[in-house]
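Content type compact mmCIF, C-alpha atoms, from the file run.txt:
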# COMPACT_ATOMS: atom_id res chain seq x y z
CA MET A 28 0.00 0.00 0.00
CA GLY A 29 1.49 3.40 -1.09
CA VAL A 30 1.70 6.47 1.14
CA ILE A 31 0.64 9.87 -0.30
CA ILE A 32 2.85 12.79 0.68
CA ASN A 33 0.97 16.12 0.55
CA SER A 34 3.66 18.81 0.59
CA THR A 35 3.79 22.10 -1.37
CA ILE A 36 7.31 22.90 -2.58
CA THR A 37 8.41 26.44 -1.61
CA PRO A 38 11.65 28.35 -2.39
CA ASN A 39 12.75 28.12 1.24
CA MET A 40 12.75 24.30 1.31
CA THR A 41 15.97 22.32 1.12
CA PHE A 42 16.24 18.66 0.06
CA THR A 43 19.00 16.85 2.00
CA LYS A 44 20.58 13.50 1.12
CA THR A 45 21.02 11.69 4.40
CA SER A 46 22.44 8.53 2.78
CA GLN A 47 23.06 7.02 -0.65
CA LYS A 48 19.40 5.94 -0.97
CA PHE A 49 17.46 8.25 1.36
CA GLY A 50 16.62 11.97 1.40
CA GLN A 51 14.37 14.33 3.38
CA TRP A 52 13.02 17.90 3.51
CA ALA A 53 11.15 20.02 6.07
CA ASP A 54 7.69 21.51 5.37
CA SER A 55 7.16 24.43 7.79
CA ARG A 56 3.52 24.84 6.73
CA ALA A 57 2.68 21.23 7.58
CA ASN A 58 5.16 21.30 10.50
CA THR A 59 6.51 17.96 9.25
CA VAL A 60 9.78 16.50 8.01
CA PHE A 61 9.21 14.26 4.99
CA GLY A 62 11.61 11.48 4.00
CA LEU A 63 11.86 9.14 1.01
CA GLY A 64 13.87 6.00 0.37
CA PHE A 65 14.94 4.89 -3.11
CA SER A 66 16.05 1.59 -4.59
CA SER A 67 19.18 3.16 -6.09
CA GLU A 68 21.35 6.24 -5.75
CA GLN A 69 20.51 7.28 -9.35
CA GLN A 70 16.80 7.57 -8.51
CA LEU A 71 17.68 9.65 -5.43
CA THR A 72 19.83 12.00 -7.55
CA LYS A 73 17.09 12.31 -10.18
CA PHE A 74 14.50 13.17 -7.52
CA ALA A 75 16.83 15.78 -5.97
CA GLU A 76 17.31 17.44 -9.38
CA LYS A 77 13.55 17.52 -9.99
CA PHE A 78 13.01 18.93 -6.48
CA GLN A 79 15.51 21.72 -7.26
CA GLU A 80 13.74 22.50 -10.55
CA VAL A 81 10.36 22.84 -8.83
CA LYS A 82 11.95 24.92 -6.09
CA GLU A 83 13.46 27.35 -8.69
CA ALA A 84 10.12 27.56 -10.51
CA ALA A 85 8.38 28.44 -7.22
CA ARG A 86 11.01 31.10 -6.50
CA LEU A 87 10.60 32.66 -9.99
CA ALA A 88 6.84 32.64 -9.60
CA ARG A 89 7.12 34.30 -6.19
CA ASP A 90 9.49 36.99 -7.55
CA LYS A 91 7.23 37.72 -10.50
CA SER A 92 4.20 37.90 -8.23
CA GLN A 93 5.94 40.41 -5.97
CA GLU A 94 7.00 42.52 -8.97
CA LYS A 95 3.46 42.54 -10.34
CA ILE A 96 2.00 43.46 -6.98
CA GLU A 97 4.48 46.32 -6.59
CA THR A 98 3.77 47.59 -10.14
CA SER A 99 0.00 47.45 -9.58
CA SER A 100 0.37 49.30 -6.27
CA ASN A 101 2.49 52.02 -7.87
CA HIS A 102 -0.03 52.46 -10.70
CA SER A 103 -2.91 52.69 -8.23
CA GLN A 104 -1.10 55.38 -6.23
CA ALA A 105 -0.33 57.31 -9.43
CA SER A 106 -3.98 57.12 -10.53
CA SER A 107 -5.15 58.37 -7.14
CA VAL A 108 -2.76 61.31 -7.21
CA ASN A 109 -3.60 62.20 -10.79
CA GLY A 110 -7.34 62.02 -10.05
CA THR A 111 -6.95 64.56 -7.26
CA ASP A 112 -4.94 66.79 -9.55
CA ASP A 113 -7.65 66.46 -12.22
CA GLU A 114 -10.26 67.67 -9.77
CA LYS A 115 -8.11 70.61 -8.89
CA ALA A 116 -7.15 71.31 -12.49
CA SER A 117 -10.77 71.19 -13.74
CA HIS A 118 -11.33 74.48 -12.10
CA ALA A 119 -7.85 75.96 -12.18
CA SER A 120 -5.71 74.75 -15.17
CA PRO A 121 -6.00 74.29 -18.96
CA ALA A 122 -3.66 71.16 -18.80
CA ASP A 123 -6.54 68.68 -18.95
CA THR A 124 -5.24 67.18 -22.16
CA HIS A 125 -1.93 66.30 -20.62
CA LEU A 126 -3.58 64.76 -17.55
CA LYS A 127 -5.91 62.73 -19.71
CA SER A 128 -2.94 61.47 -21.66
CA GLU A 129 -1.24 60.42 -18.47
CA ASN A 130 -4.43 58.77 -17.28
CA ASN A 131 -4.65 56.80 -20.53
CA LYS A 132 -1.07 55.66 -20.06
CA LEU A 133 -1.96 54.46 -16.59
CA LYS A 134 -4.94 52.54 -17.93
CA ILE A 135 -2.69 50.87 -20.52
CA ALA A 136 -0.24 49.95 -17.73
CA LEU A 137 -3.10 48.47 -15.69
CA THR A 138 -4.21 46.47 -18.72
CA GLN A 139 -0.68 45.15 -19.15
CA SER A 140 -0.58 44.36 -15.42
CA ALA A 141 -3.80 42.35 -15.76
CA ALA A 142 -2.25 40.47 -18.67
CA ASN A 143 0.83 39.79 -16.56
CA VAL A 144 -1.42 38.51 -13.74
CA LYS A 145 -3.07 36.16 -16.22
CA LYS A 146 0.33 34.96 -17.37
CA TRP A 147 1.33 34.49 -13.76
CA GLU A 148 -1.81 32.44 -13.15
CA ILE A 149 -0.86 30.23 -16.12
CA GLU A 150 2.63 29.80 -14.71
CA LEU A 151 1.14 29.04 -11.30
CA GLN A 152 -1.07 26.37 -12.90
CA THR A 153 2.01 24.94 -14.60
CA LEU A 154 3.73 24.89 -11.22
CA ARG A 155 0.77 23.09 -9.69
CA GLU A 156 0.88 20.50 -12.48
CA SER A 157 4.60 20.06 -11.86
CA ASN A 158 3.86 19.69 -8.18
CA ALA A 159 1.18 17.08 -9.03
CA ARG A 160 3.69 15.18 -11.17
CA LEU A 161 6.16 15.40 -8.34
CA THR A 162 3.52 14.04 -5.95
CA THR A 163 2.90 11.17 -8.37
CA ALA A 164 6.63 10.54 -8.50
CA LEU A 165 6.70 10.58 -4.72
CA GLN A 166 3.86 8.05 -4.62
CA GLU A 167 5.71 5.84 -7.09
CA SER A 168 8.84 6.23 -5.00
CA ALA A 169 6.89 5.28 -1.90
CA THR A 170 5.59 2.19 -3.71
CA SER A 171 9.15 1.36 -4.76
CA VAL A 172 10.23 1.83 -1.16
CA GLU A 173 7.57 -0.60 0.04
CA GLN A 174 8.61 -3.13 -2.60
CA TRP A 175 12.22 -2.57 -1.65
CA LYS A 176 11.34 -3.07 2.01
CA ARG A 177 9.56 -6.35 1.21
CA GLN A 178 12.48 -7.51 -0.92
CA PHE A 179 14.88 -6.42 1.81
CA SER A 180 12.86 -8.36 4.40
CA ILE A 181 12.85 -11.46 2.17
CA CYS A 182 16.58 -11.11 1.51
CA ARG A 183 17.26 -10.56 5.20
CA ASP A 184 15.26 -13.67 6.16
CA GLU A 185 17.03 -15.67 3.47
CA ASN A 186 20.36 -14.31 4.62
CA ASP A 187 19.57 -15.23 8.23
CA ARG A 188 18.55 -18.73 7.14
CA LEU A 189 21.70 -19.19 5.06
CA ARG A 190 23.87 -17.76 7.84
CA HIS A 191 22.25 -20.09 10.37
CA LYS A 192 22.74 -23.01 8.00
CA ARG A 193 26.33 -21.98 7.40
CA ASP A 194 26.96 -21.63 11.14
CA ASN A 195 25.53 -25.12 11.73
CA ARG A 196 27.70 -26.55 8.96
CA GLU A 197 30.76 -24.79 10.33
CA LYS A 198 30.00 -26.05 13.84
CA GLU A 199 29.56 -29.59 12.56
CA LYS A 200 32.69 -29.29 10.44
CA ASN A 201 34.65 -27.86 13.36
CA THR A 202 33.42 -30.72 15.57
CA GLN A 203 34.52 -33.27 12.98
CA LEU A 204 37.87 -31.51 12.58
CA LYS A 205 38.34 -31.39 16.33
CA ARG A 206 37.53 -35.09 16.62
CA ARG A 207 39.87 -35.88 13.73
CA ILE A 208 42.63 -33.80 15.33
CA GLU A 209 42.18 -35.69 18.59
CA GLU A 210 42.40 -39.00 16.71
CA LEU A 211 45.52 -37.83 14.89
CA GLU A 212 47.07 -36.66 18.15
CA SER A 213 46.30 -40.07 19.71
CA GLU A 214 47.83 -41.82 16.71
CA LEU A 215 50.83 -39.51 16.92
CA ARG A 216 51.33 -40.39 20.58
CA GLU A 217 51.09 -44.09 19.74
CA LYS A 218 53.60 -43.64 16.92
CA GLU A 219 55.93 -41.75 19.24
CA THR A 220 55.66 -44.60 21.76
CA GLU A 221 56.38 -47.13 19.02
CA LEU A 222 59.30 -45.01 17.87
CA LYS A 223 60.70 -44.95 21.40
CA ASP A 224 60.33 -48.74 21.59
CA LEU A 225 62.05 -49.12 18.23
CA ARG A 226 64.86 -46.85 19.39
CA LYS A 227 65.27 -48.97 22.52
CA GLN A 228 65.22 -52.10 20.39
CA SER A 229 67.73 -50.57 18.01
CA GLU A 230 70.05 -50.09 20.98
CA ILE A 231 70.03 -53.86 21.72
CA ILE A 232 70.32 -54.89 18.07
CA PRO A 233 74.15 -55.29 18.26
CA GLN A 234 73.73 -57.49 21.33
CA LEU A 235 71.02 -59.47 19.56
CA MET A 236 73.23 -59.86 16.51
CA SER A 237 76.09 -61.07 18.70
CA GLU A 238 73.77 -63.52 20.40
CA CYS A 239 72.48 -64.59 17.02
CA GLU A 240 76.02 -65.28 15.81
CA TYR A 241 76.73 -67.23 18.99
CA VAL A 242 73.50 -69.23 18.55
CA SER A 243 74.43 -69.82 14.89
CA GLU A 244 77.81 -71.20 15.94
CA LYS A 245 76.12 -73.37 18.56
CA LEU A 246 73.64 -74.53 15.94
CA GLU A 247 76.42 -75.42 13.53
CA ALA A 248 78.23 -77.32 16.29
CA ALA A 249 74.96 -79.05 17.20
CA GLU A 250 74.43 -79.97 13.57
CA LYS A 251 77.93 -81.45 13.42
CA ASP A 252 77.29 -83.36 16.66
CA ASN A 253 73.97 -84.48 15.27
CA GLN A 254 75.68 -85.66 12.11
CA ASN A 255 78.20 -87.58 14.18
CA LEU A 256 75.39 -89.05 16.25
CA GLU A 257 73.54 -90.05 13.11
CA ASP A 258 76.71 -91.74 11.86
CA LYS A 259 77.05 -93.55 15.18
CA VAL A 260 73.37 -94.53 15.06
CA ARG A 261 73.82 -95.95 11.58
CA SER A 262 76.92 -97.85 12.79
CA LEU A 263 75.01 -99.15 15.82
CA LYS A 264 72.11 -100.18 13.56
CA MET A 265 74.59 -102.08 11.41
CA ASP A 266 76.11 -103.68 14.51
CA ILE A 267 72.61 -104.56 15.75
CA GLU A 268 71.69 -106.06 12.40
CA GLU A 269 74.93 -108.04 12.40
CA SER A 270 74.32 -109.10 16.01
CA LYS A 271 70.80 -110.20 15.10
CA TYR A 272 72.20 -112.16 12.19
CA ARG A 273 74.73 -113.81 14.47
CA GLN A 274 72.04 -114.56 17.03
CA ARG A 275 69.90 -116.21 14.36
CA HIS A 276 72.92 -118.14 13.18
CA LEU A 277 73.76 -119.18 16.76
CA LYS A 278 70.16 -120.22 17.34
CA VAL A 279 70.32 -122.46 14.29
CA GLU A 280 73.64 -123.90 15.43
CA LEU A 281 72.33 -124.28 18.97
CA LYS A 282 69.24 -126.03 17.67
CA ASN A 283 71.38 -128.39 15.62
CA PHE A 284 73.64 -128.92 18.63
CA LEU A 285 70.63 -129.62 20.81
CA GLU A 286 69.29 -132.03 18.29
CA VAL A 287 72.68 -133.77 18.14
CA LEU A 288 72.84 -133.62 21.94
CA ASP A 289 69.40 -135.15 22.18
CA GLY A 290 70.56 -137.92 19.87
CA LYS A 291 73.66 -138.44 21.97
CA ILE A 292 71.60 -138.51 25.14
CA ASP A 293 69.30 -141.05 23.59
CA ASP A 294 72.30 -143.09 22.55
CA LEU A 295 73.65 -142.72 26.07
CA HIS A 296 70.39 -143.96 27.53
CA ASP A 297 70.39 -146.85 25.15
CA PHE A 298 73.98 -147.53 26.13
CA ARG A 299 73.04 -147.40 29.84
CA ARG A 300 70.13 -149.75 29.28
CA GLY A 301 72.44 -152.08 27.41
CA LEU A 302 74.96 -151.95 30.24
CA SER A 303 72.22 -152.49 32.78
CA LYS A 304 70.96 -155.45 30.82
CA LEU A 305 74.47 -156.88 30.53
CA GLY A 306 74.91 -156.47 34.26
CA THR A 307 71.71 -158.30 34.96
CA ASP A 308 72.61 -161.15 32.67
CA ASN A 309 75.94 -161.59 34.35
Using the file provided, produce a representation of the structure as structure tokens.
Amino acid sequence: MGVIINSTITPNMTFTKTSQKFGQWADSRANTVFGLGFSSEQQLTKFAEKFQEVKEAARLARDKSQEKIETSSNHSQASSVNGTDDEKASHASPADTHLKSENNKLKIALTQSAANVKKWEIELQTLRESNARLTTALQESATSVEQWKRQFSICRDENDRLRHKRDNREKEKNTQLKRRIEELESELREKETELKDLRKQSEIIPQLMSECEYVSEKLEAAEKDNQNLEDKVRSLKMDIEESKYRQRHLKVELKNFLEVLDGKIDDLHDFRRGLSKLGTDN
């Protein structure tokens, strides 16, 4: 909804730019200070120039009006004086012709003054039309201001929403970064601990290498001993196999000997029986 500003521009008014898009002027008749906002600085400058034009036109009209009023007053005073002189001269002087001539000149001047008044009225009407156009421009400016205010409100709300969204994103991002930094710091501490352990281990590496060489020598000696033991085991296995073979051979011989012995014993028994029988017979 537009706001109508009813203010008559006078020569004494001054339009002041209070910012790049706002201006104001004081109306002493309405006892009010009017202000207008514009969507751009160019519109403000254009309005200020138009305001100055109307102000100059009002000043010219005022000056012309004062001149006409002064001329009319002077003519009226001259007519009054001349009329008194005519009354006196009608009875006392033969200069009536000259006074009539002067009177006619005054009438012509009054006629010209009336024409000037008419011209001034036309100029005043033109000034009123200019003032009406200025009022229309002011109304349009007020409408533009309202639109600008609505757009500004929408932009401000959108800006607040985007800023709030951006703040939330930054907070979330900062939280994630902080958490990631803490994780990296923890990993760094772990790596530093591992590095310390590795440094300690690196200090005992020569000792470990020496021990490793000693163990290697022991292992080689053990391998040699193992090889010797394996050789001895193989020799013992051969001896065992040979002993087993001899035992089998001895068993066979012993069996044969036992068989022969059994035969001898049987022969001996037979011999004893024969001797016993011979003894009995004798």
Enter the distance from atom CA of A:Thr307 to atom CA of A:Gly290, in Å, rounded to one decimal.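 We find that atom CA of A:Thr307 and atom CA of A:Gly290 lie 25.4 Å from each other.
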To one decimal place, how far is atom CA of A:Ile31 from atom CA of A:Leu161 in Å?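 If I compute the distance from atom CA of A:Ile31 to atom CA of A:Leu161, I get 11.2 Å.
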Selection near stretch 174-187 of chain A, 9 Å with all atoms listed in the file, sequence-local residues under 5 positions removed, as a list in words: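 Here the qualifying residues turn out to be Gly64, Phe65, Ser66, Ala169 and Lys192 of chain A.
Atom CA of A:Thr98 to atom CA of A:Ala84 spans 21.0 Å [interatomic distance, one decimal].
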